[in-house]
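> Input file: structure09.txt. Contents: compact mmCIF, C-alpha atoms and all ligand atoms.
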# COMPACT_ATOMS: atom_id res chain seq x y z
CA MET A 207 29.29 16.02 -23.75
CA ILE A 208 28.83 19.38 -25.45
CA THR A 209 31.66 20.76 -27.49
CA GLY A 210 30.95 23.96 -29.32
CA THR A 211 31.36 27.66 -28.91
CA THR A 212 33.00 28.68 -25.65
CA ILE A 213 32.02 31.99 -24.12
CA THR A 214 35.48 33.40 -24.90
CA GLN A 215 35.20 32.45 -28.57
CA PHE A 216 31.71 33.92 -28.64
CA ILE A 217 32.80 37.25 -27.13
CA ILE A 218 35.79 37.52 -29.49
CA GLU A 219 33.52 36.87 -32.48
CA GLU A 220 31.05 39.51 -31.26
CA GLN A 221 33.88 41.98 -30.77
CA ARG A 222 35.03 41.49 -34.38
CA ARG A 223 31.73 42.98 -35.52
CA VAL A 224 32.50 46.24 -33.72
CA PRO A 225 34.65 48.51 -35.93
CA GLY A 226 37.70 49.84 -34.12
CA ALA A 227 37.30 47.55 -31.10
CA THR A 228 40.52 47.19 -29.14
CA GLY A 229 39.81 43.90 -27.40
CA GLU A 230 39.72 45.62 -24.02
CA PHE A 231 36.06 44.81 -23.56
CA THR A 232 36.67 41.13 -24.36
CA LEU A 233 39.32 40.98 -21.66
CA LEU A 234 37.08 42.75 -19.14
CA LEU A 235 34.31 40.23 -19.78
CA ASN A 236 36.84 37.46 -19.40
CA ASP A 237 37.64 38.71 -15.88
CA ILE A 238 33.96 38.74 -14.97
CA VAL A 239 33.55 35.23 -16.36
CA THR A 240 36.44 34.08 -14.18
CA ALA A 241 34.92 35.74 -11.11
CA THR A 242 31.62 33.90 -11.64
CA LYS A 243 33.47 30.58 -11.83
CA ILE A 244 35.17 31.29 -8.50
CA ILE A 245 31.87 32.32 -6.87
CA ALA A 246 30.14 29.25 -8.37
CA ASN A 247 32.75 27.09 -6.72
CA ASP A 248 32.22 28.69 -3.30
CA VAL A 249 28.43 28.56 -3.59
CA ASN A 250 28.65 24.93 -4.68
CA LYS A 251 30.81 23.85 -1.74
CA GLY A 252 28.45 25.57 0.70
CA ALA A 253 28.73 24.27 4.24
CA LEU A 254 31.83 22.20 3.32
CA ALA A 255 33.77 25.41 2.77
CA GLY A 256 32.27 27.10 5.82
CA VAL A 257 30.80 29.88 3.69
CA LEU A 258 27.18 29.72 4.85
CA GLY A 259 25.59 31.99 7.45
CA GLY A 260 25.78 35.65 8.35
CA ALA A 261 28.88 37.83 8.17
CA GLY A 262 27.75 39.76 11.24
CA THR A 263 27.79 43.05 9.31
CA GLU A 264 25.27 45.30 7.56
CA ASN A 265 25.55 46.77 4.06
CA VAL A 266 24.65 50.30 2.95
CA GLN A 267 21.03 49.21 2.50
CA GLY A 268 20.84 48.26 6.19
CA GLU A 269 20.56 44.58 5.22
CA ASP A 270 22.43 41.85 7.09
CA GLN A 271 25.32 40.64 4.98
CA LYS A 272 25.85 36.93 4.49
CA LYS A 273 29.39 35.54 4.40
CA LEU A 274 28.90 34.78 0.71
CA ASP A 275 27.79 38.37 -0.01
CA VAL A 276 31.14 39.57 1.29
CA ILE A 277 33.18 36.77 -0.32
CA SER A 278 31.52 37.30 -3.72
CA ASN A 279 32.09 41.05 -3.50
CA ASP A 280 35.79 40.46 -2.78
CA VAL A 281 36.07 38.01 -5.66
CA MET A 282 34.47 40.45 -8.11
CA ILE A 283 36.89 43.18 -7.04
CA SER A 284 40.10 41.18 -6.92
CA THR A 285 39.40 39.51 -10.28
CA SER A 286 38.60 42.73 -12.15
CA GLU A 287 40.73 45.48 -10.59
CA ARG A 288 44.16 44.75 -11.98
CA SER A 289 43.69 44.14 -15.70
CA GLY A 290 43.51 47.80 -16.66
CA HIS A 291 40.07 47.76 -18.28
CA LEU A 292 38.14 49.56 -15.55
CA ALA A 293 38.11 53.10 -14.22
CA ALA A 294 35.99 52.24 -11.16
CA MET A 295 33.49 49.77 -9.74
CA ALA A 296 30.30 49.99 -7.70
CA SER A 297 28.54 47.26 -5.77
CA GLU A 298 25.45 46.61 -3.69
CA GLU A 299 27.79 45.78 -0.84
CA MET A 300 29.81 49.04 -0.94
CA GLU A 301 28.43 52.43 -0.01
CA GLU A 302 30.91 54.35 -2.16
CA ILE A 303 32.33 53.65 -5.59
CA LEU A 304 35.70 51.90 -5.72
CA PRO A 305 38.16 53.67 -8.03
CA ILE A 306 40.87 51.40 -9.41
CA PRO A 307 43.77 51.51 -6.89
CA PRO A 308 46.74 53.62 -8.06
CA GLN A 309 49.10 50.64 -8.46
CA PHE A 310 46.96 49.30 -11.34
CA PRO A 311 46.40 50.82 -14.80
CA LYS A 312 43.03 52.49 -15.41
CA GLY A 313 40.69 51.62 -18.27
CA LYS A 314 37.65 53.10 -19.94
CA TYR A 315 34.81 51.08 -18.42
CA LEU A 316 32.70 51.24 -15.26
CA LEU A 317 31.51 48.01 -13.65
CA LEU A 318 28.45 47.75 -11.39
CA PHE A 319 27.38 44.55 -9.70
CA ASP A 320 25.18 42.75 -7.24
CA PRO A 321 27.79 40.17 -6.23
CA LEU A 322 25.26 37.76 -4.78
CA ASP A 323 21.59 38.16 -5.55
CA GLY A 324 18.99 36.27 -3.54
CA SER A 325 21.20 35.94 -0.50
CA SER A 326 18.24 34.91 1.70
CA ASN A 327 18.43 31.65 -0.29
CA ILE A 328 22.08 30.85 0.41
CA ASP A 329 21.60 28.94 3.63
CA ILE A 330 18.71 26.88 2.24
CA ASN A 331 20.53 25.71 -0.91
CA ILE A 332 18.30 27.50 -3.41
CA SER A 333 19.54 29.26 -6.54
CA VAL A 334 21.40 32.55 -6.19
CA GLY A 335 23.25 34.64 -8.75
CA THR A 336 25.54 37.53 -9.67
CA ILE A 337 24.24 40.49 -11.71
CA PHE A 338 26.50 42.94 -13.56
CA SER A 339 26.27 46.01 -15.74
CA ILE A 340 29.01 47.73 -17.76
CA LEU A 341 29.02 51.43 -18.66
CA LYS A 342 31.61 53.64 -20.35
CA ALA A 343 33.55 56.03 -18.15
CA PRO A 344 33.53 59.66 -19.30
CA GLU A 345 36.39 60.19 -21.72
CA GLY A 346 39.48 62.08 -20.67
CA LYS A 347 38.49 62.36 -17.01
CA LYS A 348 41.22 61.51 -14.53
CA ASP A 349 39.18 60.69 -11.46
CA VAL A 350 35.81 59.08 -11.84
CA THR A 351 33.05 60.05 -9.36
CA ALA A 352 29.80 58.39 -8.31
CA GLU A 353 27.93 60.84 -10.59
CA ASP A 354 29.69 59.32 -13.61
CA PHE A 355 27.88 56.04 -12.87
CA LEU A 356 24.44 57.70 -12.92
CA GLN A 357 23.74 57.01 -16.60
CA PRO A 358 20.38 55.73 -17.84
CA GLY A 359 20.13 51.99 -18.52
CA THR A 360 20.05 52.60 -22.28
CA ARG A 361 23.76 53.50 -22.03
CA GLN A 362 24.82 50.06 -20.75
CA VAL A 363 27.30 48.47 -23.14
CA CYS A 364 26.79 45.08 -21.58
CA ALA A 365 24.63 43.42 -18.95
CA GLY A 366 24.59 39.89 -17.65
CA TYR A 367 24.06 37.51 -14.81
CA ALA A 368 25.44 34.25 -13.55
CA LEU A 369 22.90 31.82 -12.11
CA TYR A 370 24.24 29.36 -9.56
CA GLY A 371 21.55 26.70 -9.84
CA PRO A 372 21.58 22.95 -10.51
CA SER A 373 23.93 24.04 -13.29
CA THR A 374 25.83 27.30 -13.41
CA MET A 375 24.82 29.53 -16.29
CA LEU A 376 25.94 32.87 -17.62
CA VAL A 377 23.51 34.97 -19.61
CA LEU A 378 24.77 37.98 -21.50
CA THR A 379 23.79 40.84 -23.76
CA THR A 380 25.94 43.43 -25.48
CA GLY A 381 22.92 44.94 -27.19
CA HIS A 382 22.66 42.32 -29.96
CA GLY A 383 20.26 39.82 -28.44
CA VAL A 384 20.69 37.56 -25.43
CA ASN A 385 22.78 34.42 -25.23
CA GLY A 386 23.08 31.82 -22.47
CA PHE A 387 26.10 29.70 -21.61
CA THR A 388 26.37 26.68 -19.31
CA LEU A 389 29.47 25.96 -17.24
CA ASP A 390 31.08 22.58 -17.80
CA ARG A 391 32.72 22.13 -14.42
CA ASN A 392 35.16 19.47 -15.60
CA VAL A 393 36.45 21.60 -18.46
CA GLY A 394 36.13 24.85 -16.52
CA GLU A 395 34.52 26.59 -19.51
CA TYR A 396 31.14 28.07 -20.30
CA TYR A 397 29.62 26.78 -23.57
CA LEU A 398 26.91 28.43 -25.62
CA THR A 399 23.80 26.36 -24.87
CA HIS A 400 20.98 28.93 -25.18
CA PRO A 401 21.56 31.04 -28.31
CA ASN A 402 19.27 33.99 -29.02
CA MET A 403 16.99 33.69 -25.98
CA GLN A 404 13.48 35.09 -26.51
CA VAL A 405 10.78 35.97 -24.00
CA PRO A 406 7.35 34.85 -25.28
CA ALA A 407 5.02 37.86 -25.58
CA ASP A 408 2.22 36.17 -23.63
CA THR A 409 2.26 34.19 -20.43
CA LYS A 410 0.13 32.49 -17.80
CA GLU A 411 2.72 32.77 -15.02
CA PHE A 412 3.37 35.61 -12.60
CA ALA A 413 5.91 36.18 -9.81
CA ILE A 414 5.28 38.57 -6.96
CA ASN A 415 5.76 38.46 -3.19
CA ALA A 416 2.07 38.17 -2.31
CA SER A 417 2.73 38.72 1.40
CA ASN A 418 2.99 42.44 0.50
CA SER A 419 -0.41 42.52 -1.23
CA ARG A 420 -2.09 44.79 1.29
CA PHE A 421 0.58 47.43 0.57
CA TRP A 422 0.32 47.34 -3.25
CA GLU A 423 -1.07 50.19 -5.31
CA ALA A 424 -4.48 49.80 -7.00
CA PRO A 425 -3.19 48.93 -10.54
CA VAL A 426 -1.09 46.04 -9.20
CA GLN A 427 -3.96 44.83 -6.98
CA ARG A 428 -6.20 44.87 -10.04
CA TYR A 429 -3.75 42.97 -12.25
CA ILE A 430 -3.08 40.23 -9.68
CA ASN A 431 -6.77 39.89 -8.76
CA GLU A 432 -7.56 39.36 -12.44
CA CYS A 433 -4.84 36.69 -12.69
CA LEU A 434 -6.20 34.97 -9.58
CA ALA A 435 -9.76 35.04 -10.97
CA GLY A 436 -8.48 32.69 -13.68
CA LYS A 437 -10.73 31.13 -16.33
CA THR A 438 -13.93 32.54 -14.88
CA GLY A 439 -12.55 36.11 -14.64
CA VAL A 440 -11.90 38.85 -17.23
CA ARG A 441 -8.66 37.20 -18.38
CA GLY A 442 -10.43 33.98 -19.28
CA LYS A 443 -7.42 31.81 -18.42
CA ASP A 444 -5.87 30.25 -15.34
CA PHE A 445 -2.52 31.59 -14.12
CA ASN A 446 0.32 29.88 -12.29
CA MET A 447 2.43 31.59 -9.61
CA ARG A 448 6.15 31.30 -8.73
CA TRP A 449 8.35 33.17 -6.23
CA VAL A 450 11.97 32.06 -5.82
CA ALA A 451 13.08 35.25 -4.03
CA SER A 452 16.19 35.39 -6.23
CA MET A 453 15.65 37.91 -9.01
CA VAL A 454 18.25 36.11 -11.12
CA ALA A 455 16.27 32.87 -10.97
CA GLU A 456 12.98 34.62 -11.76
CA VAL A 457 14.46 36.46 -14.76
CA HIS A 458 16.04 33.26 -15.99
CA ARG A 459 12.71 31.42 -15.80
CA ILE A 460 11.09 34.25 -17.77
CA LEU A 461 13.81 34.10 -20.44
CA VAL A 462 13.27 30.38 -20.81
CA ARG A 463 9.45 30.07 -20.66
CA GLY A 464 7.97 33.54 -20.28
CA GLY A 465 6.24 35.17 -17.32
CA ILE A 466 5.93 38.45 -15.52
CA PHE A 467 7.99 39.45 -12.47
CA MET A 468 6.99 42.31 -10.22
CA TYR A 469 8.50 43.99 -7.22
CA PRO A 470 6.20 46.99 -7.40
CA ARG A 471 6.12 50.20 -5.43
CA ASP A 472 4.23 49.63 -2.18
CA THR A 473 3.32 51.58 0.93
CA LYS A 474 5.11 49.24 3.36
CA ASP A 475 7.95 51.70 3.81
CA PRO A 476 7.02 55.02 2.16
CA SER A 477 10.69 56.09 2.13
CA LYS A 478 11.45 53.33 -0.42
CA ALA A 479 10.21 53.47 -4.02
CA GLY A 480 10.56 49.70 -4.29
CA LYS A 481 12.88 46.99 -3.06
CA LEU A 482 15.20 46.40 -5.97
CA ARG A 483 18.10 48.65 -6.86
CA LEU A 484 18.15 50.44 -10.21
CA MET A 485 21.84 50.44 -11.06
CA TYR A 486 22.85 46.82 -10.47
CA GLU A 487 19.56 44.90 -10.42
CA ALA A 488 16.78 46.60 -12.42
CA ASN A 489 18.85 48.14 -15.24
CA PRO A 490 20.94 45.12 -16.22
CA MET A 491 17.92 42.79 -16.00
CA SER A 492 15.81 45.24 -18.01
CA LEU A 493 18.38 45.42 -20.81
CA ILE A 494 18.49 41.62 -20.96
CA ILE A 495 14.68 41.32 -20.97
CA GLU A 496 14.27 44.00 -23.66
CA GLN A 497 17.01 42.45 -25.79
CA ALA A 498 15.08 39.17 -25.59
CA GLY A 499 11.88 40.83 -26.81
CA GLY A 500 10.30 41.45 -23.39
CA ALA A 501 9.52 44.72 -21.63
CA SER A 502 10.48 46.37 -18.35
CA SER A 503 8.84 49.30 -16.61
CA THR A 504 8.41 50.92 -13.24
CA GLY A 505 4.68 50.91 -14.02
CA ARG A 506 4.96 54.54 -15.07
CA GLU A 507 8.15 54.75 -17.13
CA ARG A 508 10.37 52.50 -19.21
CA MET A 509 13.07 51.34 -16.79
CA LEU A 510 15.99 51.95 -19.16
CA ASP A 511 14.99 55.60 -19.66
CA LEU A 512 15.18 56.51 -15.95
CA LYS A 513 17.76 59.14 -15.08
CA PRO A 514 19.37 57.66 -11.97
CA GLY A 515 19.41 59.81 -8.85
CA GLY A 516 21.77 57.71 -6.76
CA LEU A 517 24.02 54.67 -6.84
CA HIS A 518 21.78 52.66 -4.52
CA GLN A 519 18.44 54.08 -5.66
CA ARG A 520 15.49 51.67 -5.38
CA VAL A 521 12.83 51.37 -8.08
CA PRO A 522 9.57 49.52 -8.67
CA VAL A 523 10.16 46.69 -11.16
CA ILE A 524 7.64 45.13 -13.58
CA LEU A 525 9.32 43.02 -16.26
CA GLY A 526 8.84 40.05 -18.54
CA SER A 527 6.44 39.04 -21.30
CA LYS A 528 5.65 42.14 -23.32
CA ASN A 529 1.87 41.97 -23.48
CA GLU A 530 1.53 41.41 -19.73
CA VAL A 531 3.94 44.24 -18.82
CA GLU A 532 2.08 46.56 -21.19
CA ARG A 533 -1.19 45.56 -19.55
CA VAL A 534 0.11 46.47 -16.08
CA VAL A 535 1.45 49.77 -17.44
CA SER A 536 -1.97 50.52 -18.99
CA TYR A 537 -3.63 49.85 -15.60
CA HIS A 538 -1.28 52.45 -14.08
CA LYS A 539 -2.23 54.95 -16.81
CA GLU A 540 -5.94 54.34 -16.33
CA ALA A 541 -5.61 54.88 -12.58
CA GLU A 542 -3.94 58.27 -13.02
P1 LIG A 601 19.75 40.68 -2.58
O1 LIG A 601 19.89 39.28 -2.05
O2 LIG A 601 20.82 41.03 -3.57
O3 LIG A 601 19.57 41.71 -1.52
O4 LIG A 601 18.41 40.72 -3.49
C1 LIG A 601 17.25 40.08 -3.09
C2 LIG A 601 16.12 40.61 -3.89
C3 LIG A 601 15.78 39.86 -5.15
O5 LIG A 601 16.69 38.96 -5.63
C4 LIG A 601 14.50 39.14 -4.84
O6 LIG A 601 13.68 39.18 -5.97
C5 LIG A 601 13.92 39.90 -3.69
O7 LIG A 601 14.96 40.60 -3.08
C6 LIG A 601 13.26 39.00 -2.69
O8 LIG A 601 12.52 39.76 -1.85
P2 LIG A 601 11.60 39.17 -0.67
O9 LIG A 601 12.55 38.88 0.45
O10 LIG A 601 10.65 40.28 -0.37
O11 LIG A 601 10.92 37.93 -1.17
MN MN A 602 19.96 41.44 -5.39
MN MN A 603 22.96 40.98 -3.32
Just dump the structure as structure tokens.


Amino acid sequence: MITGTTITQFIIEEQRRVPGATGEFTLLLNDIVTATKIIANDVNKGALAGVLGGAGTENVQGEDQKKLDVISNDVMISTSERSGHLAAMASEEMEEILPIPPQFPKGKYLLLFDPLDGSSNIDINISVGTIFSILKAPEGKKDVTAEDFLQPGTRQVCAGYALYGPSTMLVLTTGHGVNGFTLDRNVGEYYLTHPNMQVPADTKEFAINASNSRFWEAPVQRYINECLAGKTGVRGKDFNMRWVASMVAEVHRILVRGGIFMYPRDTKDPSKAGKLRLMYEANPMSLIIEQAGGASSTGRERMLDLKPGGLHQRVPVILGSKNEVERVVSYHKEAE
């Protein structure tokens, strides 16, 4: 059995390095950690708890909600709303922002989340996750608006995800590297198991939904064709392919053994710039990947530099091993 640094000890020690820190952030993270344990429990019980299947509703994206999407959203809210650390929250499953209800004290942070990522995998017992991003609320403002959330990804004070896989893990960055923790279910605590995670700069593994290939833009077509050509092609090496259809699982694989993940812009639905959402999918994952030495881009711009235009804005995503991401970006430049 592992005894060692618990996530709470780790966060407190990190907080000590920040001059003037009040401890508020530590307590906020503690709430999120608790929420992921509750969601992990529901995901783990699955059919036994009657939580599988559709909720019979649609979210703001026009996607069918699963029961667990709704349950996880409720858990994230109820666990974080009362402690007094947040000014407001925003979620994939809510069209509008959720200001902290008047009966609870207000704090200085904004929380964004994808309560359950990869929900098409819930009913088939494949890994899903929760993604979150923390921003600072504007100082001295009484009522926070949706515009206050529209800060570039570089302004995130923390980003993380929980992965509900064969084991439950929590991976976190506060801008000083990336650390991974594994939940010991018997103890009910996350322990530091993956200190200072690093994405290898090179890779032979790519992840993309190839069923969309006829809709991809030329630079992405070129990159994937070169990967597929393998040893006998211009890359001179064989590539492997993976597609879990849970971004959390793909990013986790990349953090552990490298790789490139793409959900690029395509022409399938010209009204959408991509599939993934900037504020609670692309930005937090990009901060984590960059903090682990990888790179993240839309193909044209660094993800974290984007000035968000809306809470539920979609973006093309190309992230992972630095040299591969830079190659795809260079193909975009050459094409323009
Ligand atoms: P969500 O379940 O939160 O809507 O996100 C699903 C996302 C992402 O996790 C995954 O990479 C992608 O959608 C899968 O897309 P395909 O269905 O096109 O494979
Ligand atoms: Mn998602
Ligand atoms: Mn989701």

> Which residue is closest to ligand MN 603 (chain A)? Choose from A:Thr360, A:Thr336, A:Gln427, A:Ser527 and count all atoms listed in the file.

A:Thr336

> To one decimal place in Å, what is the distance between CA of Gly324 (chain A) and CA of Ala293 (chain A)?

27.6 Å

> Mind working out the centre and edge lengths of an axis-aligned box for ligand LIG 601 (chain A), all listed atoms inside, 6 Å added to each side, rounded to one decimal in Å and written as JSON?


{"center_x": 15.7, "center_y": 39.8, "center_z": -2.8, "size_x": 22.2, "size_y": 15.8, "size_z": 18.4}

> As a quick test: using all atoms listed in the file, which residues lie no more than 12 Å away from ligand MN 602 (chain A)? Give them as a ChimeraX atom specification.

/A:267,269,271,275,297-299,319-327,334-338,367,451-457,469,481-491,518,520

> Next, dump the selected residues to file, keeping only C-alpha atoms, as a CSV table (one decimal), in the coordinates of the input.


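Ended up saving to part_27.csv:
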chain,number,residue,atom,x,y,z
A,267,GLN,CA,21.0,49.2,2.5
A,269,GLU,CA,20.6,44.6,5.2
A,271,GLN,CA,25.3,40.6,5.0
A,275,ASP,CA,27.8,38.4,0.0
A,297,SER,CA,28.5,47.3,-5.8
A,298,GLU,CA,25.4,46.6,-3.7
A,299,GLU,CA,27.8,45.8,-0.8
A,319,PHE,CA,27.4,44.6,-9.7
A,320,ASP,CA,25.2,42.8,-7.2
A,321,PRO,CA,27.8,40.2,-6.2
A,322,LEU,CA,25.3,37.8,-4.8
A,323,ASP,CA,21.6,38.2,-5.6
A,324,GLY,CA,19.0,36.3,-3.5
A,325,SER,CA,21.2,35.9,-0.5
A,326,SER,CA,18.2,34.9,1.7
A,327,ASN,CA,18.4,31.6,-0.3
A,334,VAL,CA,21.4,32.6,-6.2
A,335,GLY,CA,23.2,34.6,-8.8
A,336,THR,CA,25.5,37.5,-9.7
A,337,ILE,CA,24.2,40.5,-11.7
A,338,PHE,CA,26.5,42.9,-13.6
A,367,TYR,CA,24.1,37.5,-14.8
A,451,ALA,CA,13.1,35.2,-4.0
A,452,SER,CA,16.2,35.4,-6.2
A,453,MET,CA,15.6,37.9,-9.0
A,454,VAL,CA,18.2,36.1,-11.1
A,455,ALA,CA,16.3,32.9,-11.0
A,456,GLU,CA,13.0,34.6,-11.8
A,457,VAL,CA,14.5,36.5,-14.8
A,469,TYR,CA,8.5,44.0,-7.2
A,481,LYS,CA,12.9,47.0,-3.1
A,482,LEU,CA,15.2,46.4,-6.0
A,483,ARG,CA,18.1,48.6,-6.9
A,484,LEU,CA,18.2,50.4,-10.2
A,485,MET,CA,21.8,50.4,-11.1
A,486,TYR,CA,22.8,46.8,-10.5
A,487,GLU,CA,19.6,44.9,-10.4
A,488,ALA,CA,16.8,46.6,-12.4
A,489,ASN,CA,18.8,48.1,-15.2
A,490,PRO,CA,20.9,45.1,-16.2
A,491,MET,CA,17.9,42.8,-16.0
A,518,HIS,CA,21.8,52.7,-4.5
A,520,ARG,CA,15.5,51.7,-5.4

> For ligand LIG 601 (chain A), which of A:Val266, A:Ile495, A:Leu235, A:Ala407 is the closest residue, counting only C-alpha atoms and all ligand atoms?

A:Val266

> Just give me the gap between CA of Ser502 (chain A) and CA of Val531 (chain A) in Å, one decimal is fine.

6.9 Å

> Using all atoms listed in the file, which of A:Pro406, A:Pro225, A:Pro514, A:Gly313 sits nearest Asn529 (chain A)?

A:Pro406

> Just give me the gap between atom O10 of ligand LIG 601 (chain A) and CA of Asp270 (chain A) in Å, one decimal is fine.

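Atom-to-atom, atom O10 of ligand LIG 601 (chain A) to CA of Asp270 (chain A), that is 14.0 Å.
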
> Excluding same-chain residues fewer than 5 positions from Asn385 (chain A), what lies within 9 Å of it counting only C-alpha atoms, as a PyMOL selection string?

chain A and resi 376-379+398-403

> Which residue out of A:Glu264, A:Glu220, A:Asp475, A:Glu532 has the minimum interatomic distance to Cys364 (chain A) when only C-alpha atoms are used?

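Using only C-alpha atoms, the shortest distance to Cys364 (chain A) belongs to A:Glu220.
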
> Using all atoms listed in the file, can you tell me which of A:Gly268, A:Gly346, A:Pro305, A:Gly500 comes closest to ligand LIG 601 (chain A)?

A:Gly268

> Which neighbours of Ile218 (chain A) fall inside 10 Å, counting all atoms listed in the file, when residues of the same chain fewer than 2 positions from it are skipped, and could you give them as a PyMOL selection string?

chain A and resi 213-216+220-223+229+231-233

> Measuring between all atoms listed in the file, which one of A:Arg420, A:Lys243, A:Lys273, A:Lys528 shows the shortest distance to ligand MN 603 (chain A)?

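Closest candidate: A:Lys273.
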
> Using all atoms listed in the file, which protein or nucleic acid residues come within 9 Å of Tyr429 (chain A)? Drop anything in the same chain fewer than 5 positions from it, and give the result as a PDB file with C-alpha atoms, in the coordinates of the input.


ATOM      1  CA  ALA A 424      -4.480  49.800  -7.000  1.00  0.00           C
ATOM      2  CA  LEU A 434      -6.200  34.970  -9.580  1.00  0.00           C
ATOM      3  CA  ARG A 533      -1.190  45.560 -19.550  1.00  0.00           C
ATOM      4  CA  VAL A 534       0.110  46.470 -16.080  1.00  0.00           C
ATOM      5  CA  TYR A 537      -3.630  49.850 -15.600  1.00  0.00           C
TER       6      TYR A 537
END

> Identify the residues around (28.3, 28.7, -11.1) within a radius of 9 Å, measuring from only C-alpha atoms in the coordinates stated by the file, and give them as a list in words.

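The residues that fall inside the cut-off are Thr242, Lys243, Ile244, Ile245, Ala246, Asn247, Asp248, Val249, Asn250, Gly335, Ala368, Leu369, Tyr370, Gly371, Pro372, Ser373, Thr374, Met375, Leu376, Thr388, Leu389 and Arg391 of chain A.
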
> Tell me which protein, DNA and RNA residues are within 6 Å of Met447 (chain A), counting only C-alpha atoms, leaving out same-chain ones fewer than 3 positions away, and put them as a list in words.

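Once the adjacent positions are removed, what remains is Glu411, Phe412 and Ala413 of chain A.
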
> Taking C-alpha atoms for each residue, export the selection above as a tab-separated table (two decimals), keeping the file's coordinate frame.


chain	number	residue	atom	x	y	z
A	411	GLU	CA	2.72	32.77	-15.02
A	412	PHE	CA	3.37	35.61	-12.60
A	413	ALA	CA	5.91	36.18	-9.81

> So which residues are close to (6.0, 53.5, -9.7), meaning at most 10 Å away in the file's coordinates with all atoms listed in the file counted, and can you show them as a list in words?

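Residues with an atom close enough to that point: Glu423, Pro470, Arg471, Asp472, Ala479, Gly480, Ser503, Thr504, Gly505, Arg506, Glu507, Val521, Pro522, Val523, Ile524, Val535 and His538 of chain A.
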
> I need the residues from that last selection saved to file as a CSV table (one decimal), in the coordinates of the input (with C-alpha atoms), if you can.


chain,number,residue,atom,x,y,z
A,423,GLU,CA,-1.1,50.2,-5.3
A,470,PRO,CA,6.2,47.0,-7.4
A,471,ARG,CA,6.1,50.2,-5.4
A,472,ASP,CA,4.2,49.6,-2.2
A,479,ALA,CA,10.2,53.5,-4.0
A,480,GLY,CA,10.6,49.7,-4.3
A,503,SER,CA,8.8,49.3,-16.6
A,504,THR,CA,8.4,50.9,-13.2
A,505,GLY,CA,4.7,50.9,-14.0
A,506,ARG,CA,5.0,54.5,-15.1
A,507,GLU,CA,8.2,54.8,-17.1
A,521,VAL,CA,12.8,51.4,-8.1
A,522,PRO,CA,9.6,49.5,-8.7
A,523,VAL,CA,10.2,46.7,-11.2
A,524,ILE,CA,7.6,45.1,-13.6
A,535,VAL,CA,1.4,49.8,-17.4
A,538,HIS,CA,-1.3,52.4,-14.1
